[in-house]
Amino acid sequence: MLRIGKVESYIHEKLEKEKLHFVLLDPDDVSPETAGELAKISEELGVDAIMVGGSTGAEGEILDGVVKSIKESSSLPVILFPGSHGGISKYADAIFFMSLLNSRNPFFITGAQALGAFTVKRYGIEPIPMAYLIVEPGETVGWVSDSKPIPRHKPKIAAAYALAGQYMGMRLVYLEAGSGAPEHVPNEMIKAVKAVIDVPLIVGGGIRSYEDAREVAQSGADIIVTGTAIEKAGSLEEARKRLERIIRGVKEIKP
Ligand code: 1GP
């Protein structure tokens with residue numbers, strides 16, 4: 001029998017009461033020590049989970065080191081956000097088992113998933129099925145995954161893909177503008193997707209301020225992801241300040 005796992009239940013229970021904020025750490029950009037410190041700060045400030053992954057180099061010992069350090073420094077759930085089957089660590093709690101629906105390369109739609117499935121099972125990591133959609137500009141992940149990024153002025157295309165994802169059984173939809181995108185996913189697109197799906201909506205890429213976070217949450221995102229703003233803050237103090245402001249923007253909007 002298929003059962004919803006612990007992390008997914010935790011997400012659903014929290015979503016009854018509030019919008020959620022996940023911090024994304026890319027092992028190619030942060031050391032295990034810094035990842036641990038950032039996880040500690042994240043937990044203190046009310047972040048709901050830590051995602052770990054990246055498009056290039058987030059594999060093997062480097063990935064394991066970052067996941068272990070986060071687990072030792074906080075009690076937040078650690079969810080893998082893999083670029084391929086290489087992005088699996090046995091130390092994580094869960095994995096976004098994602099299919100990149102608008103890739104032109106079947107490797108990113110079903111291939112990497114098949115190659116990683118037994119590893120996820122062997123390690124006992126909780127898989128959370130997710131539709132992953134790349135929106136312009138798409139940045140590194142858009143290029144690496146050979147995606148056809150959804151044009152920013154075409155919200156209906158995003159809505160159609162998101163609904164298709166839900167109908168194929170995916171229990172989360174992620175709209176991704178790409179890490180470091182100059183602007184986040186357009187509000188109109190978030191609204192259009194939210195209007196048609198029943199599963200939680202995650203939005204990430206280019207969200208760096210209180211205003212950004214608030215706007216994205218107000219438009220209908222249930223879970224807001226920030227990576228670059230925290231990772232590239234320059235100091236832990238600055239990361240704390242930015243995180244405080246972004247969380248305020250997320251939590252001010254009630255579901
Ligand atoms: C990238 O959506 C995430 O996969 C986060 O993006 O690094 O721009 O916050 P940023």
# chains A, B, ... in the order shown; residues from 1 in each chain; ligands from 1

call {"tool": "residues_near_ligand", "arguments": {"ligand": "ligand 1", "cutoff": "8 Å", "atoms": "only C-alpha atoms and all ligand atoms", "output": "PDB file with C-alpha atoms, in the first residue's frame"}}
result
ATOM      1  CA  LEU A  24      17.931  25.848  -0.884  1.00  0.00           C
ATOM      2  CA  GLY A  54      22.107  21.880  -7.715  1.00  0.00           C
ATOM      3  CA  VAL A 141      19.069  24.510 -14.835  1.00  0.00           C
ATOM      4  CA  LEU A 175       7.610  26.813 -10.998  1.00  0.00           C
ATOM      5  CA  GLU A 176      11.306  27.565 -11.492  1.00  0.00           C
ATOM      6  CA  ALA A 177      12.725  30.772 -12.979  1.00  0.00           C
ATOM      7  CA  GLY A 178      16.254  29.435 -12.375  1.00  0.00           C
ATOM      8  CA  SER A 179      18.686  30.082  -9.573  1.00  0.00           C
ATOM      9  CA  GLY A 180      19.874  33.689  -9.635  1.00  0.00           C
ATOM     10  CA  ALA A 181      17.216  34.769 -12.154  1.00  0.00           C
ATOM     11  CA  HIS A 184      11.085  35.780 -10.145  1.00  0.00           C
ATOM     12  CA  VAL A 203       7.879  28.896  -6.569  1.00  0.00           C
ATOM     13  CA  GLY A 204      11.607  29.614  -6.742  1.00  0.00           C
ATOM     14  CA  GLY A 205      14.297  31.484  -8.632  1.00  0.00           C
ATOM     15  CA  GLY A 206      15.119  35.180  -8.221  1.00  0.00           C
ATOM     16  CA  ILE A 207      13.286  35.751  -4.932  1.00  0.00           C
ATOM     17  CA  ARG A 208      15.584  37.900  -2.798  1.00  0.00           C
ATOM     18  CA  VAL A 225      12.180  28.865  -2.091  1.00  0.00           C
ATOM     19  CA  THR A 226      15.254  31.064  -1.719  1.00  0.00           C
ATOM     20  CA  GLY A 227      18.815  30.025  -2.417  1.00  0.00           C
ATOM     21  CA  THR A 228      21.139  32.680  -3.831  1.00  0.00           C
ATOM     22  CA  ALA A 229      19.998  35.503  -1.514  1.00  0.00           C
ATOM     23  CA  ILE A 230      21.080  33.461   1.497  1.00  0.00           C
TER      24      ILE A 230
END

call {"tool": "residues_around", "arguments": {"residues": "segment 107-113 of chain A", "least_positions_apart": "5", "cutoff": "8 Å", "atoms": "only C-alpha atoms", "output": "list of chain:residue names"}}
result
A:Ser84, A:His85, A:Phe97, A:Met98, A:Ser99, A:Leu100, A:Leu101, A:Ser145

call {"tool": "write_last_selection", "arguments": {"atoms": "all heavy atoms", "output": "mmCIF file, in the first residue's frame"}}
result
data_model
loop_
_atom_site.group_PDB
_atom_site.id
_atom_site.type_symbol
_atom_site.label_atom_id
_atom_site.label_comp_id
_atom_site.auth_asym_id
_atom_site.auth_seq_id
_atom_site.Cartn_x
_atom_site.Cartn_y
_atom_site.Cartn_z
ATOM 1 N N SER A 84 20.010 15.257 -11.085
ATOM 2 C CA SER A 84 19.921 13.978 -11.791
ATOM 3 C C SER A 84 19.998 12.878 -10.732
ATOM 4 O O SER A 84 19.984 13.187 -9.537
ATOM 5 C CB SER A 84 21.080 13.805 -12.783
ATOM 6 O OG SER A 84 22.271 13.507 -12.059
ATOM 7 N N HIS A 85 20.170 11.610 -11.175
ATOM 8 C CA HIS A 85 20.268 10.528 -10.201
ATOM 9 C C HIS A 85 21.541 10.627 -9.363
ATOM 10 O O HIS A 85 21.664 9.941 -8.343
ATOM 11 C CB HIS A 85 20.198 9.170 -10.909
ATOM 12 C CG HIS A 85 21.256 8.977 -11.947
ATOM 13 N ND1 HIS A 85 21.312 9.740 -13.102
ATOM 14 C CD2 HIS A 85 22.309 8.151 -11.995
ATOM 15 C CE1 HIS A 85 22.360 9.365 -13.812
ATOM 16 N NE2 HIS A 85 22.971 8.401 -13.159
ATOM 17 N N PHE A 97 11.033 13.889 -5.922
ATOM 18 C CA PHE A 97 11.181 12.948 -7.037
ATOM 19 C C PHE A 97 10.511 13.603 -8.233
ATOM 20 O O PHE A 97 9.328 13.439 -8.492
ATOM 21 C CB PHE A 97 10.572 11.590 -6.683
ATOM 22 C CG PHE A 97 11.232 10.473 -7.447
ATOM 23 C CD1 PHE A 97 12.385 9.875 -6.968
ATOM 24 C CD2 PHE A 97 10.724 10.061 -8.668
ATOM 25 C CE1 PHE A 97 13.025 8.873 -7.685
ATOM 26 C CE2 PHE A 97 11.366 9.067 -9.395
ATOM 27 C CZ PHE A 97 12.515 8.474 -8.899
ATOM 28 N N MET A 98 11.319 14.398 -8.929
ATOM 29 C CA MET A 98 10.744 15.343 -9.883
ATOM 30 C C MET A 98 10.970 14.939 -11.336
ATOM 31 O O MET A 98 11.974 14.339 -11.690
ATOM 32 C CB MET A 98 11.347 16.720 -9.628
ATOM 33 C CG MET A 98 12.850 16.736 -9.567
ATOM 34 S SD MET A 98 13.373 17.925 -8.321
ATOM 35 C CE MET A 98 14.114 19.138 -9.408
ATOM 36 N N SER A 99 9.972 15.332 -12.140
ATOM 37 C CA SER A 99 10.085 15.141 -13.570
ATOM 38 C C SER A 99 10.042 16.526 -14.200
ATOM 39 O O SER A 99 9.141 17.322 -13.923
ATOM 40 C CB SER A 99 8.905 14.306 -14.066
ATOM 41 O OG SER A 99 8.962 14.202 -15.476
ATOM 42 N N LEU A 100 11.052 16.806 -15.033
ATOM 43 C CA LEU A 100 11.113 18.124 -15.656
ATOM 44 C C LEU A 100 10.251 18.089 -16.925
ATOM 45 O O LEU A 100 10.729 17.725 -18.004
ATOM 46 C CB LEU A 100 12.571 18.476 -15.955
ATOM 47 C CG LEU A 100 12.884 19.965 -15.970
ATOM 48 C CD1 LEU A 100 14.369 20.222 -15.979
ATOM 49 C CD2 LEU A 100 12.190 20.696 -17.081
ATOM 50 N N LEU A 101 8.997 18.439 -16.751
ATOM 51 C CA LEU A 101 8.009 18.195 -17.809
ATOM 52 C C LEU A 101 8.284 18.944 -19.105
ATOM 53 O O LEU A 101 7.895 18.484 -20.172
ATOM 54 C CB LEU A 101 6.610 18.514 -17.300
ATOM 55 C CG LEU A 101 6.107 17.636 -16.143
ATOM 56 C CD1 LEU A 101 4.674 17.995 -15.795
ATOM 57 C CD2 LEU A 101 6.215 16.161 -16.476
ATOM 58 N N SER A 145 19.354 21.243 -18.562
ATOM 59 C CA SER A 145 18.304 20.230 -18.731
ATOM 60 C C SER A 145 17.673 20.267 -20.121
ATOM 61 O O SER A 145 16.693 19.569 -20.369
ATOM 62 C CB SER A 145 17.219 20.456 -17.689
ATOM 63 O OG SER A 145 16.626 21.729 -17.888
#

call {"tool": "closest_residue", "arguments": {"among": "A:Asn105, A:Glu44, A:Glu211, A:Pro32", "to": "Lys71 of chain A", "atoms": "only C-alpha atoms"}}
result
A:Pro32

call {"tool": "residues_around", "arguments": {"residues": "Lys68 of chain A", "least_positions_apart": "5", "cutoff": "10 Å", "atoms": "only C-alpha atoms", "output": "ChimeraX atom specification"}}
result
/A:32,35-36,63,73,78,89-92

call {"tool": "write_last_selection", "arguments": {"atoms": "N, CA, C and O atoms", "output": "compact mmCIF listing (two decimals), in the first residue's frame"}}
result
# COMPACT_ATOMS: atom_id res chain seq x y z
N PRO A 32 30.29 22.44 3.93
CA PRO A 32 29.47 21.81 4.96
C PRO A 32 29.35 22.69 6.21
O PRO A 32 28.26 22.80 6.80
N ALA A 35 26.96 25.49 5.53
CA ALA A 35 25.61 24.92 5.39
C ALA A 35 25.02 24.65 6.78
O ALA A 35 23.85 24.95 7.04
N GLY A 36 25.85 24.13 7.68
CA GLY A 36 25.40 23.86 9.05
C GLY A 36 24.99 25.14 9.75
O GLY A 36 23.93 25.21 10.39
N LEU A 63 28.07 16.38 -1.50
CA LEU A 63 26.64 16.37 -1.17
C LEU A 63 26.42 15.75 0.21
O LEU A 63 25.73 16.32 1.06
N SER A 73 23.23 20.10 12.66
CA SER A 73 23.07 21.45 13.20
C SER A 73 21.62 21.87 13.39
O SER A 73 21.37 22.92 13.98
N VAL A 78 15.45 17.64 5.76
CA VAL A 78 16.32 17.90 4.61
C VAL A 78 15.74 17.17 3.40
O VAL A 78 15.58 15.94 3.41
N SER A 89 21.55 11.49 -1.62
CA SER A 89 22.38 11.24 -0.43
C SER A 89 21.58 10.44 0.57
O SER A 89 20.42 10.78 0.85
N LYS A 90 22.21 9.41 1.14
CA LYS A 90 21.48 8.55 2.08
C LYS A 90 21.16 9.26 3.39
O LYS A 90 20.38 8.76 4.20
N TYR A 91 21.78 10.42 3.63
CA TYR A 91 21.58 11.13 4.90
C TYR A 91 20.34 12.03 4.89
O TYR A 91 19.99 12.59 5.91
N ALA A 92 19.71 12.18 3.72
CA ALA A 92 18.56 13.09 3.63
C ALA A 92 17.28 12.40 4.08
O ALA A 92 17.20 11.17 4.12

call {"tool": "atom_distance", "arguments": {"atom1": "atom CA of Val23 of chain A", "atom2": "atom CA of Ala39 of chain A"}}
result
8.4 Å

call {"tool": "closest_residue", "arguments": {"among": "A:Ala192, A:Ala233, A:Ile11, A:Leu115", "to": "Lys156 of chain A", "atoms": "only C-alpha atoms"}}
result
A:Ala192

call {"tool": "residues_around", "arguments": {"residues": "Ala159 of chain A", "least_positions_apart": "2", "cutoff": "7 Å", "atoms": "only C-alpha atoms", "output": "PyMOL selection string"}}
result
chain A and resi 155-157+161-163+192-193+196

call {"tool": "write_last_selection", "arguments": {"atoms": "C-alpha atoms", "output": "PDB file, in the first residue's frame"}}
result
ATOM      1  CA  PRO A 155       0.805  31.923 -18.086  1.00  0.00           C
ATOM      2  CA  LYS A 156      -1.638  29.537 -19.710  1.00  0.00           C
ATOM      3  CA  ILE A 157       1.145  27.248 -20.913  1.00  0.00           C
ATOM      4  CA  TYR A 161       1.674  21.795 -17.783  1.00  0.00           C
ATOM      5  CA  ALA A 162       0.963  22.121 -14.065  1.00  0.00           C
ATOM      6  CA  LEU A 163      -2.492  20.591 -14.383  1.00  0.00           C
ATOM      7  CA  ALA A 192      -2.932  31.201 -13.415  1.00  0.00           C
ATOM      8  CA  VAL A 193      -1.299  28.007 -12.150  1.00  0.00           C
ATOM      9  CA  VAL A 196      -6.213  25.343 -11.804  1.00  0.00           C
TER      10      VAL A 196
END

call {"tool": "residues_around", "arguments": {"residues": "Glu37 of chain A", "least_positions_apart": "5", "cutoff": "12 Å", "atoms": "only C-alpha atoms", "output": "list of chain:residue names"}}
result
A:Leu25, A:Val30, A:Ser31, A:Pro32, A:Ser42, A:Glu43, A:Glu44, A:Val66, A:Ser69, A:Ile70, A:Lys71, A:Glu72, A:Ser73, A:Ser74, A:Ile230, A:Glu231, A:Ser235, A:Leu236, A:Glu237, A:Ala239, A:Arg240

call {"tool": "select_by_dssp", "arguments": {"residues": "segment 109-223 of chain A", "states": "alpha helix (DSSP H)", "output": "ChimeraX atom specification"}}
result
/A:112-123,139-144,155-167,187-196,210-219

call {"tool": "closest_residue", "arguments": {"among": "A:Leu172, A:Leu2, A:Val52, A:Val7", "to": "Ile125 of chain A", "atoms": "only C-alpha atoms"}}
result
A:Val7

call {"tool": "atom_distance", "arguments": {"atom1": "atom CA of Ile224 of chain A", "atom2": "atom CA of Asp29 of chain A"}}
result
20.2 Å

call {"tool": "closest_residue", "arguments": {"among": "A:Glu252, A:Glu139, A:Asp26, A:Glu61", "to": "Phe81 of chain A", "atoms": "only C-alpha atoms"}}
result
A:Asp26

call {"tool": "closest_residue", "arguments": {"among": "A:Pro129, A:Gly87, A:Gly65, A:Pro151", "to": "Val173 of chain A", "atoms": "only C-alpha atoms"}}
result
A:Pro129

call {"tool": "select_by_dssp", "arguments": {"residues": "segment 99-233 of chain A", "states": "strand (DSSP E or B)", "output": "PyMOL selection string"}}
result
chain A and resi 99-100+103+126-135+147+150+172-176+201-204+223-226

call {"tool": "write_last_selection", "arguments": {"atoms": "N, CA and C atoms", "output": "PDB file, in the first residue's frame"}}
result
ATOM      1  N   SER A  99       9.972  15.332 -12.140  1.00  0.00           N
ATOM      2  CA  SER A  99      10.085  15.141 -13.570  1.00  0.00           C
ATOM      3  C   SER A  99      10.042  16.526 -14.200  1.00  0.00           C
ATOM      4  N   LEU A 100      11.052  16.806 -15.033  1.00  0.00           N
ATOM      5  CA  LEU A 100      11.113  18.124 -15.656  1.00  0.00           C
ATOM      6  C   LEU A 100      10.251  18.089 -16.925  1.00  0.00           C
ATOM      7  N   SER A 103      11.275  19.645 -20.412  1.00  0.00           N
ATOM      8  CA  SER A 103      12.594  19.369 -21.014  1.00  0.00           C
ATOM      9  C   SER A 103      12.357  18.747 -22.389  1.00  0.00           C
ATOM     10  N   GLU A 126      12.373   9.235   1.589  1.00  0.00           N
ATOM     11  CA  GLU A 126      10.955   9.430   1.226  1.00  0.00           C
ATOM     12  C   GLU A 126      10.835  10.174  -0.110  1.00  0.00           C
ATOM     13  N   PRO A 127      10.242   9.527  -1.130  1.00  0.00           N
ATOM     14  CA  PRO A 127      10.090  10.248  -2.408  1.00  0.00           C
ATOM     15  C   PRO A 127       8.792  11.070  -2.435  1.00  0.00           C
ATOM     16  N   ILE A 128       8.906  12.307  -2.884  1.00  0.00           N
ATOM     17  CA  ILE A 128       7.714  13.163  -3.014  1.00  0.00           C
ATOM     18  C   ILE A 128       7.588  13.541  -4.490  1.00  0.00           C
ATOM     19  N   PRO A 129       6.605  12.956  -5.191  1.00  0.00           N
ATOM     20  CA  PRO A 129       6.515  13.183  -6.642  1.00  0.00           C
ATOM     21  C   PRO A 129       6.167  14.632  -6.979  1.00  0.00           C
ATOM     22  N   MET A 130       6.924  15.200  -7.897  1.00  0.00           N
ATOM     23  CA  MET A 130       6.764  16.631  -8.169  1.00  0.00           C
ATOM     24  C   MET A 130       6.916  16.945  -9.659  1.00  0.00           C
ATOM     25  N   ALA A 131       6.036  17.794 -10.159  1.00  0.00           N
ATOM     26  CA  ALA A 131       6.163  18.311 -11.529  1.00  0.00           C
ATOM     27  C   ALA A 131       7.051  19.544 -11.463  1.00  0.00           C
ATOM     28  N   TYR A 132       8.111  19.540 -12.273  1.00  0.00           N
ATOM     29  CA  TYR A 132       9.089  20.637 -12.246  1.00  0.00           C
ATOM     30  C   TYR A 132       9.021  21.358 -13.585  1.00  0.00           C
ATOM     31  N   LEU A 133       8.763  22.655 -13.550  1.00  0.00           N
ATOM     32  CA  LEU A 133       8.573  23.421 -14.784  1.00  0.00           C
ATOM     33  C   LEU A 133       9.535  24.589 -14.835  1.00  0.00           C
ATOM     34  N   ILE A 134      10.247  24.696 -15.935  1.00  0.00           N
ATOM     35  CA  ILE A 134      11.206  25.784 -16.105  1.00  0.00           C
ATOM     36  C   ILE A 134      10.544  26.940 -16.850  1.00  0.00           C
ATOM     37  N   VAL A 135      10.645  28.100 -16.211  1.00  0.00           N
ATOM     38  CA  VAL A 135      10.079  29.332 -16.755  1.00  0.00           C
ATOM     39  C   VAL A 135      11.255  30.223 -17.173  1.00  0.00           C
ATOM     40  N   SER A 147      15.796  22.435 -21.564  1.00  0.00           N
ATOM     41  CA  SER A 147      14.364  22.751 -21.441  1.00  0.00           C
ATOM     42  C   SER A 147      13.938  23.732 -22.516  1.00  0.00           C
ATOM     43  N   ILE A 150       9.204  28.118 -20.361  1.00  0.00           N
ATOM     44  CA  ILE A 150       7.880  28.698 -20.644  1.00  0.00           C
ATOM     45  C   ILE A 150       8.031  30.217 -20.751  1.00  0.00           C
ATOM     46  N   LEU A 172       3.084  17.751  -6.081  1.00  0.00           N
ATOM     47  CA  LEU A 172       3.552  19.125  -5.931  1.00  0.00           C
ATOM     48  C   LEU A 172       3.869  19.660  -7.317  1.00  0.00           C
ATOM     49  N   VAL A 173       3.717  20.972  -7.488  1.00  0.00           N
ATOM     50  CA  VAL A 173       4.152  21.611  -8.740  1.00  0.00           C
ATOM     51  C   VAL A 173       5.166  22.688  -8.375  1.00  0.00           C
ATOM     52  N   TYR A 174       6.288  22.707  -9.088  1.00  0.00           N
ATOM     53  CA  TYR A 174       7.355  23.689  -8.822  1.00  0.00           C
ATOM     54  C   TYR A 174       7.549  24.559 -10.061  1.00  0.00           C
ATOM     55  N   LEU A 175       7.321  25.861  -9.912  1.00  0.00           N
ATOM     56  CA  LEU A 175       7.610  26.813 -10.998  1.00  0.00           C
ATOM     57  C   LEU A 175       8.985  27.408 -10.741  1.00  0.00           C
ATOM     58  N   GLU A 176       9.885  27.215 -11.682  1.00  0.00           N
ATOM     59  CA  GLU A 176      11.306  27.565 -11.492  1.00  0.00           C
ATOM     60  C   GLU A 176      11.769  28.586 -12.522  1.00  0.00           C
ATOM     61  N   LEU A 201       1.702  24.520  -4.526  1.00  0.00           N
ATOM     62  CA  LEU A 201       2.532  25.156  -5.547  1.00  0.00           C
ATOM     63  C   LEU A 201       3.811  25.728  -4.915  1.00  0.00           C
ATOM     64  N   ILE A 202       4.943  25.324  -5.449  1.00  0.00           N
ATOM     65  CA  ILE A 202       6.243  25.841  -4.997  1.00  0.00           C
ATOM     66  C   ILE A 202       6.761  26.808  -6.052  1.00  0.00           C
ATOM     67  N   VAL A 203       7.310  27.942  -5.612  1.00  0.00           N
ATOM     68  CA  VAL A 203       7.879  28.896  -6.569  1.00  0.00           C
ATOM     69  C   VAL A 203       9.291  29.266  -6.114  1.00  0.00           C
ATOM     70  N   GLY A 204      10.224  29.253  -7.064  1.00  0.00           N
ATOM     71  CA  GLY A 204      11.607  29.614  -6.742  1.00  0.00           C
ATOM     72  C   GLY A 204      12.312  30.250  -7.916  1.00  0.00           C
ATOM     73  N   ILE A 223       4.597  27.485  -1.197  1.00  0.00           N
ATOM     74  CA  ILE A 223       5.946  27.308  -0.656  1.00  0.00           C
ATOM     75  C   ILE A 223       6.896  28.187  -1.467  1.00  0.00           C
ATOM     76  N   ILE A 224       7.665  29.002  -0.769  1.00  0.00           N
ATOM     77  CA  ILE A 224       8.590  29.927  -1.433  1.00  0.00           C
ATOM     78  C   ILE A 224      10.017  29.455  -1.160  1.00  0.00           C
ATOM     79  N   VAL A 225      10.812  29.360  -2.233  1.00  0.00           N
ATOM     80  CA  VAL A 225      12.180  28.865  -2.091  1.00  0.00           C
ATOM     81  C   VAL A 225      13.176  29.989  -2.350  1.00  0.00           C
ATOM     82  N   THR A 226      14.161  30.116  -1.457  1.00  0.00           N
ATOM     83  CA  THR A 226      15.254  31.064  -1.719  1.00  0.00           C
ATOM     84  C   THR A 226      16.600  30.373  -1.528  1.00  0.00           C
TER      85      THR A 226
END

call {"tool": "closest_residue", "arguments": {"among": "A:Leu80, A:Ala221, A:Val185, A:Leu38", "to": "Lys251 of chain A", "atoms": "only C-alpha atoms"}}
result
A:Ala221

call {"tool": "atom_distance", "arguments": {"atom1": "atom CA of Ser209 of chain A", "atom2": "atom CA of Asp93 of chain A"}}
result
28.4 Å
